[in-house]
4 protein chains.
Amino acid sequence: MERVIRFGVSLEPDLLERFDTLIEERGYANRSEAIRDLIRKELVEADIEYGRGMVIGTLTIVYDHEAGDVTHKLLHLQHSRHSAVRSTMHIHLDEHNCLEVLVVEGDVEDVRKMAESLRALKGVKYGELSLFSPSV
Amino acid sequence: MERVIRFGVSLEPDLLERFDTLIEERGYANRSEAIRDLIRKELVEADIEYGRGMVIGTLTIVYDHEAGDVTHKLLHLQHSRHSAVRSTMHIHLDEHNCLEVLVVEGDVEDVRKMAESLRALKGVKYGELSLFSPSV
Amino acid sequence: MERVIRFGVSLEPDLLERFDTLIEERGYANRSEAIRDLIRKELVEADIEYGRGMVIGTLTIVYDHEAGDVTHKLLHLQHSRHSAVRSTMHIHLDEHNCLEVLVVEGDVEDVRKMAESLRALKGVKYGELSLFSPSV
Amino acid sequence: MERVIRFGVSLEPDLLERFDTLIEERGYANRSEAIRDLIRKELVEADIEYGRGMVIGTLTIVYDHEAGDVTHKLLHLQHSRHSAVRSTMHIHLDEHNCLEVLVVEGDVEDVRKMAESLRALKGVKYGELSLFSPSV
């Protein structure tokens with residue numbers, strides 16, 4: 001069990017009431033849990049915004065397996081110098097389309113560049129990158 | 001002076017330390033102020049996401065005053081039924097370009113539709129909509 | 001080989017020049033490829049914004065495997081009525097933290113609700129949801 | 001009348017059909033107009049993401065005029081070295097709340113820092129920053 005520090009927070013009654021409703025809807029056990037998550041989210045956003053330190057990115061791409069050479073390029077990119085593909089997951093969406101999720105690691109710039117290279121490949125129809133801090 | 005409610009929050013020491021650093025950088029007077037803002041931001045995002053109630057939107061558009069009929073269309077839109085332009089601000093960016101900020105009010109769908117109509121006008125080069133709750 | 005339709009687009013020379021630079025940086029083979037991706041991205045965003053039809057979501061969560069009961073809850077959620085977890089991927093970030101990517105399917109509201117429930121679990125430190133259309 | 005360059009774009013029939021429906025809904029006069037806007041949006045996002053050059057930001061804040069010293073701080077910030085407040089607009093939301101839109105100019109880092117300082121002020125309840133390129 002990790003040690004925690006307890007401190008007091010002051011809020012306007014109506015704001016607190018709306019917050020309690022929201023976190024109950026979302027299923028939080030208590031206010032501390034919910035506030036902890038808000039703080040982590042803010043810290044991650046600040047890290048990303050200022051490009052501080054290493055990030056982990058989840059890149060989701062959708063591609064037509066008959067049109068492109070994504071699999072080949074992906075293997076090639078795993079050997080790139082600055083970033084590393086930690087893991088991938090494949091899903092067959094339909095007859096033509098594959099969904100692939102790549103977990104990539106590196107500094108913000110490198111991870112973004114890698115995502116853009118993959119998105120630009122012929123056959124890749126969609127790509128979205130989510131970034132967060134490993135120290136979250 | 002508005003009445004406030006005080007309650008306790010428990011956080012892991014390293015998370016709290018990183019949060020304290022962030023809010024000091026940003027100039028917050030204390031943790032309550034910062035947490036209050038995080039909570040308000042979350043409530044606003046939830047309201048927008050689920051399209052609950054009325055919203056206020058700030059629509060920033062950039063247009064070429066020689067190419068389009070934005071001013072005319074804008075005046076026309078002020079008389080639309082579901083939304084209302086509360087106020088506008090004009091800035092002359094350069095010889096050709098104007099920046100215009102419109103504060104619009106209404107339900108999420110109406111405000112988004114209005115933003116899209118303006119963005120689609122010939123001469124409008126860029127448009128971005130920020131939404132928030134009036135009850136923030 | 002899929003049939004394509006060819007049509008003309010008119011652009012200002014300086015805008016076209018900047019676009020050509022950007023797409024070359026990103027590694028696009030030609031303008032059609034790049035414009036196709038911009039159009040797909042816009043269609044997906046419109047679908048999500050208006051909650052039209054089914055969506056696929058990639059939910060990335062980071063959790064402390066010693067603190068929460070995420071795995072149990074996740075299994076439980078797979079049997080929920082409105083959404084379905086298509087696949088998951090696990091990565092051991094460090095001694096304490098796990099990264100889990102879930103591919104979930106359903107209507108926008110259901111997928112968001114599921115993401116919120118998981119984010120709210122004790123032990124889950126971070127969660128981000130990317131949404132896109134299966135018809136991308 | 002500005003000179004334009006015309007070039008050909010190839011798209012899959014079903015993608016083009018969905019795009020035509022979307023741009024008709026939004027009120028675009030033709031495909032070139034819509035594609036031009038998509039390209040500008042992408043260029044602006046790339047500029048912002050990589051912090052290239054100067055940006056213009058629209059900062060929308062909501063504050064309680066009885067609680068904070070925002071007006072004073074705002075005047076103070078106009079004299080800051082790296083950024084400049086080009087213009088502001090005030091709106092009385094209700095008895096307590098003011099909405100203020102500031103158009104700020106500078107490099108990405110400076111504009112973000114200014115936005116954070118204002119958001120952190122006691123009395124400021126909400127703040128959202130939209131960034132774009134003046135060369136849009």
# chains A, B, ... in the order shown; residues from 1 in each chain; ligands from 1
$ interface_residues --of "chain B" --to "chain A" --cutoff "9 Å" --atoms "only C-alpha atoms" --output "list in words"
Glu2, Arg3, Val4, Ile5, Arg6, Phe7, Gly8, Val9, Ser10, Leu11, Glu12, Pro13, Leu15, Leu16, Arg18, Phe19, Leu22, Arg31, Ser32, Glu33, Ile35, Arg36, Leu38, Ile39, Arg40, Glu42, Leu43, Ala46 and Val136 of chain B
$ write_last_selection --atoms "C-alpha atoms" --output "PDB file, in the first residue's frame"
ATOM      1  CA  GLU B   2     -18.710  33.448  -1.407  1.00  0.00           C
ATOM      2  CA  ARG B   3     -19.053  30.530   0.983  1.00  0.00           C
ATOM      3  CA  VAL B   4     -16.848  27.517   0.207  1.00  0.00           C
ATOM      4  CA  ILE B   5     -16.856  23.886   1.305  1.00  0.00           C
ATOM      5  CA  ARG B   6     -13.591  22.335   2.467  1.00  0.00           C
ATOM      6  CA  PHE B   7     -12.808  18.642   2.000  1.00  0.00           C
ATOM      7  CA  GLY B   8      -9.758  16.396   2.077  1.00  0.00           C
ATOM      8  CA  VAL B   9      -7.933  14.915  -0.906  1.00  0.00           C
ATOM      9  CA  SER B  10      -5.328  12.123  -0.779  1.00  0.00           C
ATOM     10  CA  LEU B  11      -2.520  11.996  -3.321  1.00  0.00           C
ATOM     11  CA  GLU B  12       0.708  10.065  -3.824  1.00  0.00           C
ATOM     12  CA  PRO B  13       3.689  12.209  -2.755  1.00  0.00           C
ATOM     13  CA  LEU B  15       2.254  13.120  -7.998  1.00  0.00           C
ATOM     14  CA  LEU B  16       1.603  15.957  -5.577  1.00  0.00           C
ATOM     15  CA  ARG B  18       4.850  17.312  -9.789  1.00  0.00           C
ATOM     16  CA  PHE B  19       1.478  19.052  -9.488  1.00  0.00           C
ATOM     17  CA  LEU B  22       3.253  22.762 -12.472  1.00  0.00           C
ATOM     18  CA  ARG B  31      -3.809  23.992  -4.852  1.00  0.00           C
ATOM     19  CA  SER B  32      -7.507  24.794  -4.364  1.00  0.00           C
ATOM     20  CA  GLU B  33      -7.379  27.384  -7.153  1.00  0.00           C
ATOM     21  CA  ILE B  35      -8.004  22.030  -8.690  1.00  0.00           C
ATOM     22  CA  ARG B  36     -11.044  24.285  -9.034  1.00  0.00           C
ATOM     23  CA  LEU B  38      -9.347  21.474 -13.470  1.00  0.00           C
ATOM     24  CA  ILE B  39     -12.823  20.612 -12.233  1.00  0.00           C
ATOM     25  CA  ARG B  40     -14.448  23.446 -14.177  1.00  0.00           C
ATOM     26  CA  GLU B  42     -13.806  18.816 -16.918  1.00  0.00           C
ATOM     27  CA  LEU B  43     -17.412  19.899 -16.310  1.00  0.00           C
ATOM     28  CA  ALA B  46     -18.577  16.867 -20.276  1.00  0.00           C
ATOM     29  CA  VAL B 136     -18.981  27.352 -15.982  1.00  0.00           C
TER      30      VAL B 136
END
$ residues_around --residues "Arg52 of chain B" --least-positions-apart "6" --cutoff "12 Å" --atoms "only C-alpha atoms" --output "short mmCIF file (atom, residue, chain, number, x, y, z; two decimals) with C-alpha atoms, in the first residue's frame"
data_model
loop_
_atom_site.label_atom_id
_atom_site.label_comp_id
_atom_site.auth_asym_id
_atom_site.auth_seq_id
_atom_site.Cartn_x
_atom_site.Cartn_y
_atom_site.Cartn_z
CA LEU B 43 -17.41 19.90 -16.31
CA VAL B 44 -17.37 22.10 -19.39
CA GLU B 45 -15.93 19.29 -21.52
CA ALA B 46 -18.58 16.87 -20.28
CA GLY B 106 -27.25 28.48 -28.45
CA ASP B 107 -27.44 24.72 -28.26
CA VAL B 108 -24.33 22.79 -29.32
CA GLU B 109 -25.74 21.65 -32.64
CA PHE B 132 -17.90 26.31 -23.18
CA SER B 133 -20.83 26.35 -20.78
CA PRO B 134 -22.30 29.63 -19.62
CA SER B 135 -22.72 27.99 -16.22
#
$ residues_around --residues "segment 89-97 of chain A" --least-positions-apart "5" --cutoff "7 Å" --atoms "only C-alpha atoms" --output "NGL selection string"
(:A and (62-66 or 102)) or (:C and (89))
$ residues_around --residues "Leu131 of chain B" --least-positions-apart "4" --cutoff "8 Å" --atoms "only C-alpha atoms" --output "PyMOL selection string"
chain B and resi 48+55-58
$ write_last_selection --atoms "N, CA and C atoms" --output "JSON list (two decimals), in the first residue's frame"
[["chain", "number", "residue", "atom", "x", "y", "z"],
["B", 48, "ILE", "N", -20.17, 19.79, -23.11],
["B", 48, "ILE", "CA", -20.04, 19.92, -24.56],
["B", 48, "ILE", "C", -20.16, 18.55, -25.22],
["B", 55, "VAL", "N", -24.71, 26.39, -24.88],
["B", 55, "VAL", "CA", -23.28, 26.65, -24.85],
["B", 55, "VAL", "C", -22.99, 28.05, -25.38],
["B", 56, "ILE", "N", -21.82, 28.51, -25.06],
["B", 56, "ILE", "CA", -21.33, 29.75, -25.67],
["B", 56, "ILE", "C", -20.11, 29.35, -26.48],
["B", 57, "GLY", "N", -20.03, 29.87, -27.66],
["B", 57, "GLY", "CA", -18.90, 29.54, -28.50],
["B", 57, "GLY", "C", -18.15, 30.79, -28.93],
["B", 58, "THR", "N", -16.83, 30.68, -28.98],
["B", 58, "THR", "CA", -16.04, 31.75, -29.56],
["B", 58, "THR", "C", -15.54, 31.24, -30.90]]
$ select_by_dssp --residues "chain B" --states "strand (DSSP E)" --output "ChimeraX atom specification"
/B:5-11,54-64,84-92,97-107,124-132
$ write_last_selection --atoms "C-alpha atoms" --output "tab-separated table (two decimals), in the first residue's frame"
chain	number	residue	atom	x	y	z
B	5	ILE	CA	-16.86	23.89	1.31
B	6	ARG	CA	-13.59	22.33	2.47
B	7	PHE	CA	-12.81	18.64	2.00
B	8	GLY	CA	-9.76	16.40	2.08
B	9	VAL	CA	-7.93	14.91	-0.91
B	10	SER	CA	-5.33	12.12	-0.78
B	11	LEU	CA	-2.52	12.00	-3.32
B	54	MET	CA	-26.83	25.85	-23.91
B	55	VAL	CA	-23.28	26.65	-24.85
B	56	ILE	CA	-21.33	29.75	-25.67
B	57	GLY	CA	-18.90	29.54	-28.50
B	58	THR	CA	-16.04	31.75	-29.56
B	59	LEU	CA	-15.60	31.44	-33.30
B	60	THR	CA	-12.38	32.84	-34.70
B	61	ILE	CA	-12.34	33.27	-38.45
B	62	VAL	CA	-9.72	34.69	-40.79
B	63	TYR	CA	-10.96	36.01	-44.11
B	64	ASP	CA	-9.89	37.96	-47.13
B	84	ALA	CA	-27.44	34.61	-31.60
B	85	VAL	CA	-24.23	36.44	-32.21
B	86	ARG	CA	-23.62	38.22	-28.92
B	87	SER	CA	-20.69	40.30	-30.05
B	88	THR	CA	-17.96	40.50	-32.65
B	89	MET	CA	-14.42	41.87	-32.76
B	90	HIS	CA	-12.49	42.79	-35.90
B	91	ILE	CA	-8.74	42.97	-36.35
B	92	HIS	CA	-6.87	43.95	-39.49
B	97	ASN	CA	-6.70	39.50	-44.10
B	98	CYS	CA	-9.20	40.22	-41.34
B	99	LEU	CA	-9.54	38.32	-38.12
B	100	GLU	CA	-13.00	38.24	-36.66
B	101	VAL	CA	-14.04	36.78	-33.35
B	102	LEU	CA	-17.73	36.05	-32.88
B	103	VAL	CA	-19.27	35.15	-29.57
B	104	VAL	CA	-22.24	32.91	-30.35
B	105	GLU	CA	-24.83	31.37	-28.07
B	106	GLY	CA	-27.25	28.48	-28.45
B	107	ASP	CA	-27.44	24.72	-28.26
B	124	VAL	CA	-13.04	32.59	-45.20
B	125	LYS	CA	-9.62	30.94	-44.92
B	126	TYR	CA	-9.73	29.56	-41.43
B	127	GLY	CA	-12.20	29.06	-38.65
B	128	GLU	CA	-11.93	27.58	-35.19
B	129	LEU	CA	-14.66	27.15	-32.64
B	130	SER	CA	-14.14	27.01	-28.87
B	131	LEU	CA	-17.16	25.92	-26.87
B	132	PHE	CA	-17.90	26.31	-23.18
$ select_by_dssp --residues "segment 2-130 of chain B" --states "helix (DSSP H, G or I)" --output "PyMOL selection string"
chain B and resi 13-26+31-49+70-77+108-119
$ write_last_selection --atoms "C-alpha atoms" --output "PDB file, in the first residue's frame"
ATOM      1  CA  PRO B  13       3.689  12.209  -2.755  1.00  0.00           C
ATOM      2  CA  ASP B  14       5.447  12.203  -6.164  1.00  0.00           C
ATOM      3  CA  LEU B  15       2.254  13.120  -7.998  1.00  0.00           C
ATOM      4  CA  LEU B  16       1.603  15.957  -5.577  1.00  0.00           C
ATOM      5  CA  GLU B  17       5.170  17.212  -5.998  1.00  0.00           C
ATOM      6  CA  ARG B  18       4.850  17.312  -9.789  1.00  0.00           C
ATOM      7  CA  PHE B  19       1.478  19.052  -9.488  1.00  0.00           C
ATOM      8  CA  ASP B  20       2.906  21.665  -7.117  1.00  0.00           C
ATOM      9  CA  THR B  21       5.703  22.377  -9.595  1.00  0.00           C
ATOM     10  CA  LEU B  22       3.253  22.762 -12.472  1.00  0.00           C
ATOM     11  CA  ILE B  23       0.886  25.088 -10.665  1.00  0.00           C
ATOM     12  CA  GLU B  24       3.741  27.196  -9.359  1.00  0.00           C
ATOM     13  CA  GLU B  25       5.042  27.571 -12.944  1.00  0.00           C
ATOM     14  CA  ARG B  26       1.565  28.642 -14.018  1.00  0.00           C
ATOM     15  CA  ARG B  31      -3.809  23.992  -4.852  1.00  0.00           C
ATOM     16  CA  SER B  32      -7.507  24.794  -4.364  1.00  0.00           C
ATOM     17  CA  GLU B  33      -7.379  27.384  -7.153  1.00  0.00           C
ATOM     18  CA  ALA B  34      -5.714  24.946  -9.526  1.00  0.00           C
ATOM     19  CA  ILE B  35      -8.004  22.030  -8.690  1.00  0.00           C
ATOM     20  CA  ARG B  36     -11.044  24.285  -9.034  1.00  0.00           C
ATOM     21  CA  ASP B  37      -9.942  25.132 -12.586  1.00  0.00           C
ATOM     22  CA  LEU B  38      -9.347  21.474 -13.470  1.00  0.00           C
ATOM     23  CA  ILE B  39     -12.823  20.612 -12.233  1.00  0.00           C
ATOM     24  CA  ARG B  40     -14.448  23.446 -14.177  1.00  0.00           C
ATOM     25  CA  LYS B  41     -12.606  22.416 -17.347  1.00  0.00           C
ATOM     26  CA  GLU B  42     -13.806  18.816 -16.918  1.00  0.00           C
ATOM     27  CA  LEU B  43     -17.412  19.899 -16.310  1.00  0.00           C
ATOM     28  CA  VAL B  44     -17.374  22.103 -19.390  1.00  0.00           C
ATOM     29  CA  GLU B  45     -15.926  19.294 -21.521  1.00  0.00           C
ATOM     30  CA  ALA B  46     -18.577  16.867 -20.276  1.00  0.00           C
ATOM     31  CA  ASP B  47     -21.347  19.371 -21.042  1.00  0.00           C
ATOM     32  CA  ILE B  48     -20.036  19.916 -24.563  1.00  0.00           C
ATOM     33  CA  GLU B  49     -19.396  16.238 -25.241  1.00  0.00           C
ATOM     34  CA  VAL B  70     -18.569  37.371 -44.888  1.00  0.00           C
ATOM     35  CA  THR B  71     -19.687  40.660 -43.365  1.00  0.00           C
ATOM     36  CA  HIS B  72     -22.965  40.490 -45.221  1.00  0.00           C
ATOM     37  CA  LYS B  73     -23.508  36.838 -44.301  1.00  0.00           C
ATOM     38  CA  LEU B  74     -22.598  37.536 -40.711  1.00  0.00           C
ATOM     39  CA  LEU B  75     -25.239  40.241 -40.458  1.00  0.00           C
ATOM     40  CA  HIS B  76     -27.701  37.862 -42.029  1.00  0.00           C
ATOM     41  CA  LEU B  77     -26.826  35.128 -39.516  1.00  0.00           C
ATOM     42  CA  VAL B 108     -24.331  22.786 -29.318  1.00  0.00           C
ATOM     43  CA  GLU B 109     -25.745  21.645 -32.636  1.00  0.00           C
ATOM     44  CA  ASP B 110     -26.885  25.139 -33.681  1.00  0.00           C
ATOM     45  CA  VAL B 111     -23.626  26.777 -32.713  1.00  0.00           C
ATOM     46  CA  ARG B 112     -21.612  24.156 -34.618  1.00  0.00           C
ATOM     47  CA  LYS B 113     -23.815  24.515 -37.689  1.00  0.00           C
ATOM     48  CA  MET B 114     -23.381  28.279 -37.638  1.00  0.00           C
ATOM     49  CA  ALA B 115     -19.607  27.886 -37.346  1.00  0.00           C
ATOM     50  CA  GLU B 116     -19.582  25.495 -40.296  1.00  0.00           C
ATOM     51  CA  SER B 117     -21.664  27.826 -42.441  1.00  0.00           C
ATOM     52  CA  LEU B 118     -19.254  30.677 -41.803  1.00  0.00           C
ATOM     53  CA  ARG B 119     -16.201  28.515 -42.399  1.00  0.00           C
TER      54      ARG B 119
END
